[in-house]
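Here is the structure we will look at.
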Amino acid sequence: MPELPEVEAAARYLHDAISGRTLRQVTWLHASLQRGGTAAVEALVGTRVHRVHRVAKWQEIVFADGAVLVVHFRMTGDWSVTPSVEAPRHARAHFTFSGGRHLWLVDPRALARVEVRAPGVEARGRTGPDALDPTLDAATLRARLAGRRISVKAALLDQSVIAGVGNIYAAESLWHARIDPRTSAQQLSKARVARILDGIRWCMGLALDQIGRHQYGTATDRFAVYDREGEPCSRCGAPIARITQGQRSTYWCRRCQR
DNA sequence: TATGGCCTGTGG
DNA sequence: CCACAGGCCATA
């Protein structure tokens with residue numbers, strides 16, 4: 001269940017587990033991963049992993065020859081590394097590496113995607129700046145929001161505006177910024193956009209600290225508003241509300257978010 | 001810009 | 001049984 005902080009943790013976990021090792025075998029365990037061709041992935045067998053890193057909510061496994069295995073967890077993806085060939089529950093793909101290390105793509109809903117970018121090919125565009133890009137400033141973000149006739153909540157979920165924010169951290173960021181999630185994206189002042197940017201950095205920084213490594217399935221008590229409908233706002237005490245925006249739940253405080 | 005579809009599981 | 005789930009894409 002990954003947004004930027006969880007994907008960052010997963011990428012670090014994977015880097016530590018497989019960098020320097022050689023891919024020995026790939027097995028597909030669910031039909032959904034086989035659409036769109038798996039031959040390119042299987043062709044990576046015999047190649048050594050150089051490193052693993054994160055780009056927005058994507059993970060890039062960079063091989064020694066420059067090929068990149070690009071993985072997106074979507075809603076429920078995760079990694080599991082095991083010393084044996086026993087498949088964990090909901091394992092959808094199995095990668096064997098040198099040294100007898102088994103990597104499983106675990107994904108109950110089977111929505112995750114895996115694809116290969118050939119050596120030298122540029123990453124696809126269409127995504128905005130990474131949410132944790134330290135050079136991103138309020139003026140830039142405001143310019144990217146300009147002309148969007150959608151709510152600020154919907155705009156934060158649009159990866160072409162800013163990349164890496166998902167449904168939880170959009171709500172958390174807006175709570176921190178004290179901004180009504182229904183506010184039109186295009187009418188935000190620069191000061192309010194600056195508060196949103198602070199909110200993004202605050203809640204994602206907090207999440208990265210708390211996740212440590214790979215323990216993100218556990219505590220919902222690390223969220224200020226997400227999944228807390230009816231509970232008192234930790235800032236003002238008013239009950240947290242839930243509304244629907246674009247088929248997704250938004251949690252927020254009607255009193256202190258304006 | 002809004003909607004349905006992809007998938008499976010959980011909780012009310 | 002139904003609603004909902006931390007995402008994204010193709011379509012209208």
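So you can find residues: chains in the structure tokens are A, B, ... in the order shown, residues in each start at 1, and ligands are numbered from 1 in order.
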Practice prompt. Give as a list in words every residue of chain C that touches chain A within 8 Å, counting only C-alpha atoms (C1' of nucleotides).
Written response: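 The selection requested is DG6, DG7 and DC8 of chain C.
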Could you please take those selected residues and save N, CA and C atoms (P, O5', C5', C4', C3', O3' and C1' of nucleotides) as a PDB file, in the first residue's frame?
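Below you can see result38.pdb, which holds the result:
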```pdb
ATOM      1  P    DG C   6      -7.314   4.100   0.147  1.00  0.00           P
ATOM      2  O5'  DG C   6      -5.967   4.437  -0.584  1.00  0.00           O
ATOM      3  C5'  DG C   6      -5.332   5.683  -0.401  1.00  0.00           C
ATOM      4  C4'  DG C   6      -3.867   5.540  -0.717  1.00  0.00           C
ATOM      5  C3'  DG C   6      -3.508   4.495  -1.770  1.00  0.00           C
ATOM      6  O3'  DG C   6      -2.386   4.985  -2.490  1.00  0.00           O
ATOM      7  C1'  DG C   6      -2.443   3.954   0.209  1.00  0.00           C
ATOM      8  P    DG C   7      -2.684   5.855  -3.773  1.00  0.00           P
ATOM      9  O5'  DG C   7      -2.852   4.682  -4.848  1.00  0.00           O
ATOM     10  C5'  DG C   7      -1.759   3.829  -5.097  1.00  0.00           C
ATOM     11  C4'  DG C   7      -1.511   3.755  -6.590  1.00  0.00           C
ATOM     12  C3'  DG C   7      -1.492   5.113  -7.282  1.00  0.00           C
ATOM     13  O3'  DG C   7      -0.426   5.073  -8.207  1.00  0.00           O
ATOM     14  C1'  DG C   7      -3.230   3.770  -8.180  1.00  0.00           C
ATOM     15  P    DC C   8      -0.036   6.327  -9.099  1.00  0.00           P
ATOM     16  O5'  DC C   8      -0.666   5.992 -10.512  1.00  0.00           O
ATOM     17  C5'  DC C   8      -0.196   4.829 -11.186  1.00  0.00           C
ATOM     18  C4'  DC C   8      -1.186   4.436 -12.251  1.00  0.00           C
ATOM     19  C3'  DC C   8      -1.367   5.495 -13.339  1.00  0.00           C
ATOM     20  O3'  DC C   8      -0.674   5.011 -14.470  1.00  0.00           O
ATOM     21  C1'  DC C   8      -3.402   4.385 -12.728  1.00  0.00           C
TER      22       DC C   8
END
```
Tell me which protein, DNA and RNA residues are within 12 Å of Asp180 of chain A, counting only C-alpha atoms (C1' of nucleotides), leaving out same-chain ones fewer than 5 positions away, and put them as a PDB file with N, CA, C and O atoms, in the first residue's frame.
```pdb
ATOM      1  N   SER A 151     -10.346  20.298  -7.675  1.00  0.00           N
ATOM      2  CA  SER A 151     -10.033  20.586  -6.273  1.00  0.00           C
ATOM      3  C   SER A 151      -8.541  20.384  -6.026  1.00  0.00           C
ATOM      4  O   SER A 151      -7.863  19.627  -6.745  1.00  0.00           O
ATOM      5  N   VAL A 152      -8.055  21.057  -4.995  1.00  0.00           N
ATOM      6  CA  VAL A 152      -6.636  20.910  -4.668  1.00  0.00           C
ATOM      7  C   VAL A 152      -6.331  19.459  -4.302  1.00  0.00           C
ATOM      8  O   VAL A 152      -5.255  18.942  -4.627  1.00  0.00           O
ATOM      9  N   LYS A 153      -7.283  18.779  -3.666  1.00  0.00           N
ATOM     10  CA  LYS A 153      -7.055  17.365  -3.336  1.00  0.00           C
ATOM     11  C   LYS A 153      -6.851  16.526  -4.591  1.00  0.00           C
ATOM     12  O   LYS A 153      -5.908  15.732  -4.681  1.00  0.00           O
ATOM     13  N   ALA A 170      -2.049  13.151   0.533  1.00  0.00           N
ATOM     14  CA  ALA A 170      -2.758  14.356   0.089  1.00  0.00           C
ATOM     15  C   ALA A 170      -3.609  14.891   1.235  1.00  0.00           C
ATOM     16  O   ALA A 170      -3.580  16.087   1.556  1.00  0.00           O
ATOM     17  N   ALA A 171      -4.350  13.995   1.886  1.00  0.00           N
ATOM     18  CA  ALA A 171      -5.194  14.419   3.010  1.00  0.00           C
ATOM     19  C   ALA A 171      -4.351  14.923   4.173  1.00  0.00           C
ATOM     20  O   ALA A 171      -4.661  15.957   4.778  1.00  0.00           O
ATOM     21  N   GLU A 172      -3.297  14.207   4.482  1.00  0.00           N
ATOM     22  CA  GLU A 172      -2.430  14.598   5.603  1.00  0.00           C
ATOM     23  C   GLU A 172      -1.778  15.960   5.350  1.00  0.00           C
ATOM     24  O   GLU A 172      -1.689  16.798   6.252  1.00  0.00           O
ATOM     25  N   SER A 173      -1.335  16.180   4.123  1.00  0.00           N
ATOM     26  CA  SER A 173      -0.683  17.452   3.777  1.00  0.00           C
ATOM     27  C   SER A 173      -1.639  18.619   3.926  1.00  0.00           C
ATOM     28  O   SER A 173      -1.283  19.677   4.454  1.00  0.00           O
ATOM     29  N   LEU A 174      -2.879  18.421   3.460  1.00  0.00           N
ATOM     30  CA  LEU A 174      -3.864  19.504   3.528  1.00  0.00           C
ATOM     31  C   LEU A 174      -4.306  19.769   4.960  1.00  0.00           C
ATOM     32  O   LEU A 174      -4.622  20.904   5.320  1.00  0.00           O
ATOM     33  N   TRP A 175      -4.307  18.730   5.772  1.00  0.00           N
ATOM     34  CA  TRP A 175      -4.607  18.947   7.197  1.00  0.00           C
ATOM     35  C   TRP A 175      -3.513  19.805   7.826  1.00  0.00           C
ATOM     36  O   TRP A 175      -3.787  20.782   8.513  1.00  0.00           O
ATOM     37  N   ALA A 185      -8.010  24.311  -7.186  1.00  0.00           N
ATOM     38  CA  ALA A 185      -6.545  24.308  -7.287  1.00  0.00           C
ATOM     39  C   ALA A 185      -6.009  25.619  -7.833  1.00  0.00           C
ATOM     40  O   ALA A 185      -4.945  26.083  -7.435  1.00  0.00           O
ATOM     41  N   LEU A 188      -5.418  29.123  -5.408  1.00  0.00           N
ATOM     42  CA  LEU A 188      -4.605  29.135  -4.188  1.00  0.00           C
ATOM     43  C   LEU A 188      -3.530  30.214  -4.261  1.00  0.00           C
ATOM     44  O   LEU A 188      -2.823  30.327  -5.267  1.00  0.00           O
ATOM     45  N   ARG A 192      -0.509  29.931   0.482  1.00  0.00           N
ATOM     46  CA  ARG A 192      -1.210  28.682   0.774  1.00  0.00           C
ATOM     47  C   ARG A 192      -0.528  27.498   0.105  1.00  0.00           C
ATOM     48  O   ARG A 192      -0.447  26.404   0.679  1.00  0.00           O
ATOM     49  N   ILE A 196       1.062  24.040   1.740  1.00  0.00           N
ATOM     50  CA  ILE A 196       0.849  22.672   1.249  1.00  0.00           C
ATOM     51  C   ILE A 196       2.188  21.945   1.077  1.00  0.00           C
ATOM     52  O   ILE A 196       2.345  20.787   1.467  1.00  0.00           O
ATOM     53  N   ALA A 241     -14.064  14.579   9.386  1.00  0.00           N
ATOM     54  CA  ALA A 241     -15.106  14.263   8.410  1.00  0.00           C
ATOM     55  C   ALA A 241     -14.538  13.421   7.277  1.00  0.00           C
ATOM     56  O   ALA A 241     -13.337  13.431   7.024  1.00  0.00           O
ATOM     57  N   ILE A 243     -15.391  12.821   3.146  1.00  0.00           N
ATOM     58  CA  ILE A 243     -16.173  13.140   1.958  1.00  0.00           C
ATOM     59  C   ILE A 243     -15.586  12.350   0.790  1.00  0.00           C
ATOM     60  O   ILE A 243     -14.496  11.784   0.888  1.00  0.00           O
ATOM     61  N   THR A 250     -11.828  11.374   1.144  1.00  0.00           N
ATOM     62  CA  THR A 250     -10.963  12.421   1.694  1.00  0.00           C
ATOM     63  C   THR A 250     -11.342  12.621   3.153  1.00  0.00           C
ATOM     64  O   THR A 250     -12.513  12.825   3.464  1.00  0.00           O
ATOM     65  N   TYR A 251     -10.362  12.564   4.020  1.00  0.00           N
ATOM     66  CA  TYR A 251     -10.573  12.814   5.448  1.00  0.00           C
ATOM     67  C   TYR A 251     -10.031  14.196   5.768  1.00  0.00           C
ATOM     68  O   TYR A 251      -8.933  14.556   5.307  1.00  0.00           O
ATOM     69  N   TRP A 252     -10.808  14.960   6.552  1.00  0.00           N
ATOM     70  CA  TRP A 252     -10.341  16.314   6.874  1.00  0.00           C
ATOM     71  C   TRP A 252     -11.117  16.878   8.046  1.00  0.00           C
ATOM     72  O   TRP A 252     -12.132  16.319   8.475  1.00  0.00           O
ATOM     73  N   CYS A 253     -10.644  18.013   8.567  1.00  0.00           N
ATOM     74  CA  CYS A 253     -11.281  18.684   9.682  1.00  0.00           C
ATOM     75  C   CYS A 253     -12.013  19.920   9.175  1.00  0.00           C
ATOM     76  O   CYS A 253     -11.390  20.858   8.676  1.00  0.00           O
ATOM     77  N   ARG A 254     -13.329  19.892   9.301  1.00  0.00           N
ATOM     78  CA  ARG A 254     -14.135  21.005   8.786  1.00  0.00           C
ATOM     79  C   ARG A 254     -13.892  22.294   9.566  1.00  0.00           C
ATOM     80  O   ARG A 254     -14.188  23.376   9.072  1.00  0.00           O
ATOM     81  N   ARG A 255     -13.409  22.175  10.788  1.00  0.00           N
ATOM     82  CA  ARG A 255     -13.225  23.394  11.568  1.00  0.00           C
ATOM     83  C   ARG A 255     -11.889  24.075  11.245  1.00  0.00           C
ATOM     84  O   ARG A 255     -11.861  25.268  11.008  1.00  0.00           O
ATOM     85  N   CYS A 256     -10.803  23.336  11.248  1.00  0.00           N
ATOM     86  CA  CYS A 256      -9.523  24.038  11.098  1.00  0.00           C
ATOM     87  C   CYS A 256      -8.925  23.973   9.694  1.00  0.00           C
ATOM     88  O   CYS A 256      -7.859  24.532   9.469  1.00  0.00           O
ATOM     89  N   GLN A 257      -9.617  23.332   8.750  1.00  0.00           N
ATOM     90  CA  GLN A 257      -9.164  23.400   7.356  1.00  0.00           C
ATOM     91  C   GLN A 257     -10.128  24.289   6.574  1.00  0.00           C
ATOM     92  O   GLN A 257     -11.304  23.956   6.416  1.00  0.00           O
ATOM     93  N   ARG A 258      -9.628  25.407   6.099  1.00  0.00           N
ATOM     94  CA  ARG A 258     -10.488  26.393   5.426  1.00  0.00           C
ATOM     95  C   ARG A 258     -10.036  26.700   4.015  1.00  0.00           C
ATOM     96  O   ARG A 258      -8.881  26.589   3.714  1.00  0.00           O
TER      97      ARG A 258
END
```
Discussion item. Please identify all residues of chain B having at least one atom at most 9 Å from any atom of chain A, considering only C-alpha atoms (C1' of nucleotides), and return them as a list of chain:residue names.
Written reply: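 Selected residues: B:DT1, B:DA2, B:DC6, B:DC7, B:DT8, B:DG9.
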Worksheet item: Out of A:Gln245, A:Val85, A:Leu23, A:Ala56, which residue has the shortest atom-to-atom distance to Ala131 of chain A when counting only C-alpha atoms?
Response: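 Of the candidates, the smallest distance to Ala131 of chain A is held by A:Ala56.
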Practice prompt. Would you mind reading off the distance between atom CA of Gly46 of chain A and atom CA of Arg117 of chain A, one decimal, in Å?
Written response: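 These atoms are spaced 16.6 Å apart.
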Fill in: All helix (DSSP H, G or I) residues (DSSP, backbone) inside segment 28-66 of chain A, as a PyMOL selection string
chain A and resi 31-33+39-42
Can you tell me, as an mmCIF file with N, CA, C and O atoms, in the first residue's frame, what residues are no more than 8 Å from Ala67 of chain A when counting only C-alpha atoms (C1' of nucleotides), ignoring any on the same chain fewer than 6 positions away?
```cif
data_model
loop_
_atom_site.group_PDB
_atom_site.id
_atom_site.type_symbol
_atom_site.label_atom_id
_atom_site.label_comp_id
_atom_site.auth_asym_id
_atom_site.auth_seq_id
_atom_site.Cartn_x
_atom_site.Cartn_y
_atom_site.Cartn_z
ATOM 1 N N LEU A 44 16.515 -10.608 -18.825
ATOM 2 C CA LEU A 44 17.462 -10.051 -17.848
ATOM 3 C C LEU A 44 18.185 -11.148 -17.062
ATOM 4 O O LEU A 44 19.157 -10.864 -16.352
ATOM 5 N N VAL A 116 10.286 -3.489 -18.607
ATOM 6 C CA VAL A 116 11.717 -3.286 -18.811
ATOM 7 C C VAL A 116 11.954 -2.080 -19.694
ATOM 8 O O VAL A 116 11.251 -1.881 -20.688
ATOM 9 N N ARG A 117 12.919 -1.259 -19.303
ATOM 10 C CA ARG A 117 13.395 -0.172 -20.157
ATOM 11 C C ARG A 117 14.771 -0.572 -20.664
ATOM 12 O O ARG A 117 15.674 -0.842 -19.866
ATOM 13 N N ALA A 118 14.894 -0.621 -21.951
ATOM 14 C CA ALA A 118 16.157 -1.072 -22.546
ATOM 15 C C ALA A 118 17.281 -0.092 -22.233
ATOM 16 O O ALA A 118 17.029 1.084 -21.960
ATOM 17 N N PRO A 119 18.530 -0.562 -22.284
ATOM 18 C CA PRO A 119 19.666 0.314 -22.006
ATOM 19 C C PRO A 119 19.638 1.569 -22.877
ATOM 20 O O PRO A 119 19.362 1.479 -24.076
ATOM 21 N N GLY A 120 19.875 2.699 -22.264
ATOM 22 C CA GLY A 120 19.963 3.952 -23.019
ATOM 23 C C GLY A 120 18.639 4.639 -23.275
ATOM 24 O O GLY A 120 18.618 5.780 -23.715
#
```
Worksheet item: Out of segment 8-239 of chain A, which residues get strand (DSSP E or B) from DSSP, as a PyMOL selection string?
Response: chain A and resi 22-28+48-55+58-63+68-72+78-82+91-97+101-106+113-117+130+151+163+184+232+239
Practice prompt. Excluding DT10 of chain B and residues on its chain fewer than 2 positions from it, collect all residues at most 10 Å away from it, counting only C-alpha atoms (C1' of nucleotides), and give them as a PyMOL selection string.
Written response: (chain B and resi 8+12) or (chain C and resi 4-5)
Dump of N, CA, C and O atoms (P, O5', C5', C4', C3', O3' and C1' of nucleotides) for the selected residues, as a compact mmCIF listing (two decimals), in the first residue's frame:
```
# COMPACT_ATOMS: atom_id res chain seq x y z
P DT B 8 -8.08 -12.07 -9.26
O5' DT B 8 -8.10 -11.68 -7.72
C5' DT B 8 -6.87 -11.52 -7.02
C4' DT B 8 -7.17 -10.94 -5.66
C3' DT B 8 -8.08 -11.81 -4.80
O3' DT B 8 -7.28 -12.28 -3.74
C1' DT B 8 -8.69 -9.51 -4.67
P DG B 12 -15.61 -3.63 11.01
O5' DG B 12 -17.04 -3.15 10.54
C5' DG B 12 -17.15 -1.99 9.71
C4' DG B 12 -18.53 -1.97 9.07
C3' DG B 12 -19.67 -2.23 10.04
O3' DG B 12 -20.72 -1.32 9.80
C1' DG B 12 -19.77 -3.77 8.26
P DC C 4 -18.63 3.52 0.20
O5' DC C 4 -17.12 3.08 0.40
C5' DC C 4 -16.67 2.63 1.66
C4' DC C 4 -15.38 1.90 1.47
C3' DC C 4 -14.42 2.59 0.50
O3' DC C 4 -13.37 3.18 1.24
C1' DC C 4 -14.45 0.21 0.26
P DA C 5 -12.28 4.10 0.53
O5' DA C 5 -11.01 3.16 0.36
C5' DA C 5 -10.39 2.59 1.50
C4' DA C 5 -9.37 1.58 1.02
C3' DA C 5 -8.64 1.99 -0.25
O3' DA C 5 -7.44 2.70 0.06
C1' DA C 5 -9.33 -0.30 -0.33
```
Worksheet entry | For Gly147 of chain A: contacts at 10 Å, only C-alpha atoms (C1' of nucleotides), fewer than 5 positions along chain excluded, given as a PyMOL selection string | chain A and resi 142+184-187
